[in-house]
Amino acid sequence: MDVALVQSGTDPGAGGGQIVSLGSLSYVPLWVFYRGDPIDDVRELKGRRLAVGGAESGTHALALTLLGATGADKPPTELLPLDRETAIEKLKAGLLDAVFVVAPAEAPSVKKLAAEPSIRLISFGRADAYARRFPYLSKLVLPHGVFDLAADVPDRDIVLLSPTANLVARDTLHPALAYLLLRAATEVHGGSGMLVRAGEFPSPREAGFPLSSVARRYYQAGVPFLQRYLPFWAANLVDRLWVMLVPIIAVAVPLARAVPALYRWRVRSRVFRWYARLKQIELQLEENPGRQVLDDMLRRLDDTERAVNQIPTPLAYAENLYFFREHVDVVRRRIIRRLSNERDAGLPVSA
């Protein structure tokens with residue numbers, strides 16, 4: 001079994017995988033009903049006949065823990081492992097001195113016993129001490145008259161000790177299923193009751209088991225973002241895809257930056273490689289060439305300009321063409337100026 005509902009302070013049994021808590025769902029108080037003079041602690045039950053619940057029950061485990069802590073479990077105390085209904089009948093018949101019952105405040109058997117005039121209910125005077133010694137126990141106050149306002153039952157505030165009902169699972173349980181269980185638990189157990197305020201449960205209370213990492217995130221952040229807006233199957237699918245998307249994104253983001261730069265370089269390189277010819281012509285101009293060479297340089301410039309104009313270039317990068325043409329004009333003007341100067345001087349032009 002991967003999921004179970006257990007009482008805090010009990011062992012859900014062995015099996016594969018670590019047991020983790022998904023949270024507490026409700027209070028299940030310990031009720032100690034007894035006959036005789038008023039008492040305020042289980043240690044005063046020493047030497048009496050006590051029904052402590054079935055041998056495998058959570059009631060039995062909790063009763064032995066408290067009785068053992070106070071030394072009230074030793075002879076001549078009689079500890080009888082009776083089931084709840086049998087124990088209640090024997091207590092009503094006067095065959096038992098006390099009965100330990102772990103049950104919600106709304107349980108009919110609890111209300112009936114609380115209304116019996118010959119039966120009392122222990123109000124724990126040392127509840128704070130027990131809660132400190134056993135962290136899975138909480139101190140609760142059952143309000144005066146909450147069971148029956150007309151009959152005034154109970155006739156005073158009663159201090160109770162309460163473990164909690166807890167949802168536990170193996171740590172191998174799929175996180176998606178854990179979230180579904182927690183959402184269902186919130187809908188079912190999120191209301192108010194005799195001993196609980198609305199929204200108090202489910203909660204990450206001490207239960208004797210480590211809190212699941214999924215439950216911790218649920219209590220801190222609530223329902224996962226995707227599950228708020230998508231059906232469960234779709235949210236779960238997207239969540240799984242993230243495992244594959246993360247490495248893809250890790251590769252795609254650098255590529256998204258590199259590809260535009262590579263494309264820009266590729267387009268510009270079609271134009272920029274012609275600058276080598278332009279530079280060659282400009283260097284040749286520094287050697288004071290003759291008219292024939294200057295005319296040839298002009299023809300080469302025109303051929304270069306025509307060739308560059310025929311390069312297919314996206315509009316976003318057309319400015320590179322115009323920059324090149326401006327630079328061609330700069331060199332052309334220098335050549336024309338050199339030819340003009342030689343004509344005006346009337347000097348013979350060497351070949």
# chains A, B, ... in the order shown; residues from 1 in each chain; ligands from 1

call {"tool": "select_by_dssp", "arguments": {"residues": "stretch 70-195 of chain A", "states": "alpha helix (DSSP H)", "output": "VMD selection string"}}
result
chain A and resid 70 84 to 92 108 to 115 127 to 133 175 to 189

call {"tool": "write_last_selection", "arguments": {"atoms": "N, CA and C atoms", "output": "compact mmCIF listing (two decimals), in the first residue's frame"}}
result
# COMPACT_ATOMS: atom_id res chain seq x y z
N THR A 70 3.13 7.96 33.19
CA THR A 70 2.75 8.35 34.56
C THR A 70 2.91 7.20 35.57
N ARG A 84 -14.23 -0.84 21.24
CA ARG A 84 -14.93 0.33 21.76
C ARG A 84 -16.34 0.02 22.26
N GLU A 85 -17.14 -0.63 21.47
CA GLU A 85 -18.53 -0.86 21.84
C GLU A 85 -18.65 -1.74 23.08
N THR A 86 -17.83 -2.78 23.14
CA THR A 86 -17.86 -3.66 24.31
C THR A 86 -17.43 -2.91 25.56
N ALA A 87 -16.39 -2.10 25.43
CA ALA A 87 -15.89 -1.34 26.58
C ALA A 87 -16.93 -0.35 27.08
N ILE A 88 -17.63 0.32 26.17
CA ILE A 88 -18.64 1.30 26.57
C ILE A 88 -19.78 0.63 27.32
N GLU A 89 -20.22 -0.51 26.82
CA GLU A 89 -21.31 -1.24 27.50
C GLU A 89 -20.90 -1.68 28.90
N LYS A 90 -19.66 -2.15 29.03
CA LYS A 90 -19.19 -2.59 30.35
C LYS A 90 -19.04 -1.40 31.30
N LEU A 91 -18.63 -0.23 30.75
CA LEU A 91 -18.51 0.95 31.61
C LEU A 91 -19.89 1.39 32.10
N LYS A 92 -20.87 1.39 31.22
CA LYS A 92 -22.23 1.75 31.62
C LYS A 92 -22.78 0.78 32.67
N PRO A 108 -21.13 9.78 17.70
CA PRO A 108 -22.33 9.60 18.56
C PRO A 108 -22.00 8.95 19.90
N SER A 109 -21.09 7.97 19.92
CA SER A 109 -20.77 7.29 21.18
C SER A 109 -20.15 8.25 22.19
N VAL A 110 -19.39 9.21 21.71
CA VAL A 110 -18.77 10.20 22.60
C VAL A 110 -19.85 11.10 23.20
N LYS A 111 -20.77 11.55 22.38
CA LYS A 111 -21.83 12.43 22.87
C LYS A 111 -22.72 11.71 23.91
N LYS A 112 -23.01 10.43 23.64
CA LYS A 112 -23.86 9.68 24.57
C LYS A 112 -23.17 9.49 25.92
N LEU A 113 -21.88 9.14 25.90
CA LEU A 113 -21.16 8.95 27.16
C LEU A 113 -21.04 10.26 27.93
N ALA A 114 -20.83 11.36 27.20
CA ALA A 114 -20.69 12.66 27.86
C ALA A 114 -21.99 13.07 28.54
N ALA A 115 -23.12 12.56 28.05
CA ALA A 115 -24.43 12.91 28.63
C ALA A 115 -24.84 12.00 29.78
N ALA A 127 -2.13 19.06 30.53
CA ALA A 127 -2.15 18.89 29.08
C ALA A 127 -0.92 19.50 28.42
N ASP A 128 -0.49 20.67 28.92
CA ASP A 128 0.69 21.32 28.33
C ASP A 128 1.93 20.44 28.47
N ALA A 129 2.07 19.79 29.61
CA ALA A 129 3.22 18.93 29.84
C ALA A 129 3.21 17.73 28.89
N TYR A 130 2.03 17.14 28.71
CA TYR A 130 1.93 16.01 27.79
C TYR A 130 2.27 16.43 26.35
N ALA A 131 1.78 17.61 25.96
CA ALA A 131 2.03 18.09 24.60
C ALA A 131 3.51 18.37 24.37
N ARG A 132 4.21 18.80 25.42
CA ARG A 132 5.65 19.03 25.29
C ARG A 132 6.42 17.72 25.21
N ARG A 133 5.97 16.74 25.99
CA ARG A 133 6.65 15.45 26.00
C ARG A 133 6.38 14.66 24.72
N PRO A 175 4.55 12.49 -7.55
CA PRO A 175 4.16 13.84 -7.07
C PRO A 175 2.80 14.29 -7.56
N ALA A 176 2.44 13.93 -8.79
CA ALA A 176 1.13 14.35 -9.32
C ALA A 176 0.00 13.75 -8.50
N LEU A 177 0.13 12.48 -8.11
CA LEU A 177 -0.89 11.85 -7.28
C LEU A 177 -0.93 12.46 -5.89
N ALA A 178 0.25 12.83 -5.37
CA ALA A 178 0.30 13.47 -4.05
C ALA A 178 -0.45 14.80 -4.08
N TYR A 179 -0.29 15.58 -5.15
CA TYR A 179 -1.01 16.85 -5.27
C TYR A 179 -2.52 16.61 -5.35
N LEU A 180 -2.93 15.58 -6.07
CA LEU A 180 -4.36 15.28 -6.16
C LEU A 180 -4.92 14.92 -4.79
N LEU A 181 -4.20 14.12 -4.03
CA LEU A 181 -4.65 13.75 -2.69
C LEU A 181 -4.77 14.97 -1.79
N LEU A 182 -3.79 15.87 -1.88
CA LEU A 182 -3.81 17.06 -1.03
C LEU A 182 -4.97 17.98 -1.40
N ARG A 183 -5.24 18.11 -2.70
CA ARG A 183 -6.37 18.95 -3.12
C ARG A 183 -7.69 18.35 -2.64
N ALA A 184 -7.82 17.03 -2.75
CA ALA A 184 -9.04 16.37 -2.26
C ALA A 184 -9.16 16.53 -0.75
N ALA A 185 -8.04 16.40 -0.03
CA ALA A 185 -8.06 16.55 1.43
C ALA A 185 -8.49 17.97 1.82
N THR A 186 -8.06 18.97 1.05
CA THR A 186 -8.45 20.35 1.34
C THR A 186 -9.95 20.55 1.17
N GLU A 187 -10.51 19.94 0.14
CA GLU A 187 -11.95 20.07 -0.09
C GLU A 187 -12.76 19.35 0.98
N VAL A 188 -12.29 18.17 1.40
CA VAL A 188 -13.06 17.35 2.34
C VAL A 188 -12.87 17.81 3.78
N HIS A 189 -11.65 18.16 4.16
CA HIS A 189 -11.33 18.44 5.57
C HIS A 189 -11.10 19.92 5.87

call {"tool": "atom_distance", "arguments": {"atom1": "atom CA of A:Tyr229", "atom2": "atom CA of A:Arg217"}}
result
18.1 Å

call {"tool": "atom_distance", "arguments": {"atom1": "atom CA of A:Val293", "atom2": "atom CA of A:Arg270"}}
result
27.3 Å

call {"tool": "select_by_dssp", "arguments": {"residues": "stretch 118-238 of chain A", "states": "strand (DSSP E or B)", "output": "PyMOL selection string"}}
result
chain A and resi 120-121+138-142+148+153+158-162+164-170+203+211

call {"tool": "residues_around", "arguments": {"residues": "A:Pro75", "least_positions_apart": "4", "cutoff": "10 Å", "atoms": "only C-alpha atoms", "output": "JSON, numbers by chain"}}
result
{"A": [46, 47, 48, 71, 79]}

call {"tool": "closest_residue", "arguments": {"among": "A:Ile311, A:Leu255, A:Val101, A:Ala4", "to": "A:Ala63", "atoms": "only C-alpha atoms"}}
result
A:Val101

call {"tool": "closest_residue", "arguments": {"among": "A:Gln227, A:Ser8, A:Ser269, A:Ser57", "to": "A:Asn320", "atoms": "only C-alpha atoms"}}
result
A:Ser269

call {"tool": "closest_residue", "arguments": {"among": "A:Gly208, A:Leu5, A:Arg291, A:Leu173", "to": "A:Asn341", "atoms": "only C-alpha atoms"}}
result
A:Arg291
